[in-house]
Amino acid sequence: MVRADEPCGLLPDLWLPPHGTPLSALGDLSVQATTGGVCQGGTVTITVTVMNPSCGDAGPFDVTVWYGGTSNVIETKRVAGLPGCEYVVLTFTWDTTAVPPGEYEIGACVDTGHEVIELNETNNCLVIDRRLWIHPNEPLIEVEKVAVDTDGGAVRPGDTVRYEVVLRNEGCSDMPDGPDHEFTDVLPSGVSATTYATATSGVAAFEGETLVWDGGLRAGETVTIKYRVTVDADVEPGTPICNQGFAHWDSDGDGTKDAHEPSDDPTTPEEDDPTCFVVDERLVLPVPVSGTIDAPTLSEWGTIALACLFVLAFVWRITRAAAVLAERRP
């Protein structure tokens, strides 16, 4: 340990400690945070803590915050220096007016000009927020769809499968209920519609072999649609049954549904992929072998066992009575 009256003799070490890291004996904690997603044109506030855990003092350096990769600079701040065992908290503001809507990582890097020679040059960057949304000012509908076998286990011919669809409005404007359907799902070959279709808002129904939903979605709102289909009895085992539904909406307010989004299976890593299941073998019960001796049924076995119990009880009573008479004889 270096005494206060002795020179340090060590290089500085500029570090971006993870959020919540203890910084001092007084209980100070590192703050690496954003104020979260906004509509396009809004402002995001980003808080960054830089620490120098070495006893060596650091000279002037830059701190840069970025989005979607280090080449997309939000802002750079100049720090005059950082003494050993000290830290500094910086606040950045991000005007998202010119940023395309989407989901972004937000990160920070210290000493981006490589001006300070450090003990450790590998801890100078940190991802602060991995999923910050810049939402479009128009409606934006995302769709997820899963398939659930209602009796559990493998899907077999004749089984009932429940599709569950979630529509989510990620935009900053409401999606109105227009004259045409807002969601459609044409059933694939191998399954048939039932009479079951429901939704947490709006109206869901089958039109022939197509599930349709009509309704509006406010900004940030979701709706869950559930509908059941029956697997056809003649589907060959091993057959994959896949399909997607589609959301439809007016993205520019001209009265025409010009935007379409396919459903995504959230159980797979792929984006906007169809929802699938594979039909398994039909369960076949064994046929009784002809010419064999008829075995007693369960009820017959029960009758036999009951009769045996009565016989045993009777024998026990006779044996017990004979023993008592023997004891009474002089």
# chains A, B, ... in the order shown; residues from 1 in each chain; ligands from 1
$ closest_atom_pairs --of "segment 96-175 of chain A" --to "segment 227-245 of chain A" --cutoff "12 Å" --atoms "only C-alpha atoms" --output "JSON lines"
{"residue": "A:Glu142", "atom": "CA", "partner": "A:Gly245", "partner_atom": "CA", "distance": 11.3}
{"residue": "A:Val143", "atom": "CA", "partner": "A:Gly245", "partner_atom": "CA", "distance": 8.3}
{"residue": "A:Glu144", "atom": "CA", "partner": "A:Gly245", "partner_atom": "CA", "distance": 9.0}
{"residue": "A:Lys145", "atom": "CA", "partner": "A:Gln244", "partner_atom": "CA", "distance": 7.8}
{"residue": "A:Val146", "atom": "CA", "partner": "A:Gln244", "partner_atom": "CA", "distance": 9.9}
{"residue": "A:Ala147", "atom": "CA", "partner": "A:Arg228", "partner_atom": "CA", "distance": 9.4}
{"residue": "A:Val148", "atom": "CA", "partner": "A:Arg228", "partner_atom": "CA", "distance": 9.3}
{"residue": "A:Asp149", "atom": "CA", "partner": "A:Arg228", "partner_atom": "CA", "distance": 9.6}
{"residue": "A:Thr150", "atom": "CA", "partner": "A:Arg228", "partner_atom": "CA", "distance": 9.0}
{"residue": "A:Ala154", "atom": "CA", "partner": "A:Pro237", "partner_atom": "CA", "distance": 11.1}
{"residue": "A:Val155", "atom": "CA", "partner": "A:Val231", "partner_atom": "CA", "distance": 8.2}
{"residue": "A:Arg156", "atom": "CA", "partner": "A:Val231", "partner_atom": "CA", "distance": 7.3}
{"residue": "A:Pro157", "atom": "CA", "partner": "A:Ala233", "partner_atom": "CA", "distance": 4.7}
{"residue": "A:Gly158", "atom": "CA", "partner": "A:Val231", "partner_atom": "CA", "distance": 5.0}
{"residue": "A:Asp159", "atom": "CA", "partner": "A:Val231", "partner_atom": "CA", "distance": 5.5}
{"residue": "A:Thr160", "atom": "CA", "partner": "A:Thr230", "partner_atom": "CA", "distance": 4.5}
{"residue": "A:Val161", "atom": "CA", "partner": "A:Val229", "partner_atom": "CA", "distance": 5.4}
{"residue": "A:Arg162", "atom": "CA", "partner": "A:Arg228", "partner_atom": "CA", "distance": 4.3}
{"residue": "A:Tyr163", "atom": "CA", "partner": "A:Tyr227", "partner_atom": "CA", "distance": 5.4}
{"residue": "A:Glu164", "atom": "CA", "partner": "A:Tyr227", "partner_atom": "CA", "distance": 6.8}
{"residue": "A:Val165", "atom": "CA", "partner": "A:Gly245", "partner_atom": "CA", "distance": 8.5}
{"residue": "A:Val166", "atom": "CA", "partner": "A:Gly245", "partner_atom": "CA", "distance": 10.7}
{"residue": "A:Leu167", "atom": "CA", "partner": "A:Gly245", "partner_atom": "CA", "distance": 10.6}
$ write_last_selection --atoms "N, CA and C atoms" --output "mmCIF file, in the first residue's frame"
data_model
loop_
_atom_site.group_PDB
_atom_site.id
_atom_site.type_symbol
_atom_site.label_atom_id
_atom_site.label_comp_id
_atom_site.auth_asym_id
_atom_site.auth_seq_id
_atom_site.Cartn_x
_atom_site.Cartn_y
_atom_site.Cartn_z
ATOM 1 N N GLU A 142 -45.932 -4.501 -34.216
ATOM 2 C CA GLU A 142 -45.130 -5.717 -34.126
ATOM 3 C C GLU A 142 -46.068 -6.874 -33.775
ATOM 4 N N VAL A 143 -45.788 -8.061 -34.335
ATOM 5 C CA VAL A 143 -46.686 -9.206 -34.167
ATOM 6 C C VAL A 143 -45.886 -10.427 -33.723
ATOM 7 N N GLU A 144 -46.374 -11.115 -32.687
ATOM 8 C CA GLU A 144 -45.805 -12.386 -32.249
ATOM 9 C C GLU A 144 -46.906 -13.447 -32.266
ATOM 10 N N LYS A 145 -46.508 -14.669 -32.632
ATOM 11 C CA LYS A 145 -47.494 -15.748 -32.737
ATOM 12 C C LYS A 145 -46.876 -17.058 -32.268
ATOM 13 N N VAL A 146 -47.582 -17.790 -31.387
ATOM 14 C CA VAL A 146 -47.143 -19.101 -30.930
ATOM 15 C C VAL A 146 -48.288 -20.090 -31.108
ATOM 16 N N ALA A 147 -47.931 -21.379 -31.169
ATOM 17 C CA ALA A 147 -48.915 -22.465 -31.277
ATOM 18 C C ALA A 147 -48.843 -23.330 -30.030
ATOM 19 N N VAL A 148 -50.003 -23.674 -29.457
ATOM 20 C CA VAL A 148 -50.067 -24.460 -28.224
ATOM 21 C C VAL A 148 -51.017 -25.637 -28.433
ATOM 22 N N ASP A 149 -50.536 -26.867 -28.206
ATOM 23 C CA ASP A 149 -51.407 -28.041 -28.263
ATOM 24 C C ASP A 149 -52.256 -28.051 -26.995
ATOM 25 N N THR A 150 -53.571 -28.035 -27.151
ATOM 26 C CA THR A 150 -54.449 -27.848 -25.988
ATOM 27 C C THR A 150 -54.426 -29.014 -25.009
ATOM 28 N N ALA A 154 -47.216 -33.973 -27.690
ATOM 29 C CA ALA A 154 -47.051 -33.908 -29.137
ATOM 30 C C ALA A 154 -48.377 -33.593 -29.819
ATOM 31 N N VAL A 155 -48.281 -32.934 -30.979
ATOM 32 C CA VAL A 155 -49.463 -32.647 -31.789
ATOM 33 C C VAL A 155 -49.715 -33.837 -32.702
ATOM 34 N N ARG A 156 -50.924 -34.396 -32.635
ATOM 35 C CA ARG A 156 -51.269 -35.578 -33.428
ATOM 36 C C ARG A 156 -52.496 -35.283 -34.288
ATOM 37 N N PRO A 157 -52.727 -36.075 -35.331
ATOM 38 C CA PRO A 157 -53.937 -35.895 -36.134
ATOM 39 C C PRO A 157 -55.178 -35.894 -35.255
ATOM 40 N N GLY A 158 -56.066 -34.949 -35.509
ATOM 41 C CA GLY A 158 -57.280 -34.821 -34.716
ATOM 42 C C GLY A 158 -57.152 -33.915 -33.506
ATOM 43 N N ASP A 159 -55.923 -33.529 -33.134
ATOM 44 C CA ASP A 159 -55.732 -32.657 -31.972
ATOM 45 C C ASP A 159 -56.221 -31.239 -32.275
ATOM 46 N N THR A 160 -56.474 -30.508 -31.199
ATOM 47 C CA THR A 160 -56.815 -29.090 -31.304
ATOM 48 C C THR A 160 -55.599 -28.259 -30.919
ATOM 49 N N VAL A 161 -55.255 -27.306 -31.769
ATOM 50 C CA VAL A 161 -54.124 -26.403 -31.535
ATOM 51 C C VAL A 161 -54.659 -24.990 -31.362
ATOM 52 N N ARG A 162 -54.165 -24.310 -30.341
ATOM 53 C CA ARG A 162 -54.553 -22.923 -30.094
ATOM 54 C C ARG A 162 -53.428 -21.991 -30.544
ATOM 55 N N TYR A 163 -53.735 -21.089 -31.444
ATOM 56 C CA TYR A 163 -52.792 -20.034 -31.817
ATOM 57 C C TYR A 163 -53.010 -18.838 -30.900
ATOM 58 N N GLU A 164 -51.915 -18.261 -30.433
ATOM 59 C CA GLU A 164 -51.969 -17.049 -29.611
ATOM 60 C C GLU A 164 -51.134 -15.970 -30.293
ATOM 61 N N VAL A 165 -51.775 -14.859 -30.631
ATOM 62 C CA VAL A 165 -51.125 -13.763 -31.357
ATOM 63 C C VAL A 165 -51.178 -12.506 -30.488
ATOM 64 N N VAL A 166 -50.045 -11.808 -30.407
ATOM 65 C CA VAL A 166 -49.986 -10.528 -29.691
ATOM 66 C C VAL A 166 -49.583 -9.448 -30.679
ATOM 67 N N LEU A 167 -50.434 -8.436 -30.824
ATOM 68 C CA LEU A 167 -50.122 -7.248 -31.625
ATOM 69 C C LEU A 167 -49.742 -6.127 -30.666
#
$ residues_around --residues "segment 36-52 of chain A" --least-positions-apart "6" --cutoff "9 Å" --atoms "only C-alpha atoms" --output "MDAnalysis selection string"
chainID A and resid 12:19 23 30 58 63 65 82:101 103 106 108 110 128:129 131:137 171:172
$ atom_distance --atom1 "atom CA of Gly27 of chain A" --atom2 "atom CA of Pro53 of chain A"
15.4 Å
$ residues_around --residues "Glu271 of chain A" --least-positions-apart "2" --cutoff "12 Å" --atoms "only C-alpha atoms" --output "ChimeraX atom specification"
/A:142-145,261-269,273-275
$ closest_residue --among "A:Tyr196, A:Glu138, A:Gly68, A:Cys276" --to "Gly253 of chain A" --atoms "only C-alpha atoms"
A:Glu138
$ atom_distance --atom1 "atom CA of Val79 of chain A" --atom2 "atom CA of Asp62 of chain A"
6.0 Å
$ closest_residue --among "A:Phe183, A:Gly153, A:Thr224, A:Gly215" --to "Val279 of chain A" --atoms "only C-alpha atoms"
A:Gly153
$ closest_residue --among "A:Thr64, A:Thr76, A:Thr200, A:Gln32" --to "Gly216 of chain A" --atoms "only C-alpha atoms"
A:Thr200
$ closest_residue --among "A:Thr122, A:Ser189, A:Thr222, A:Thr184" --to "Ala204 of chain A" --atoms "only C-alpha atoms"
A:Thr184
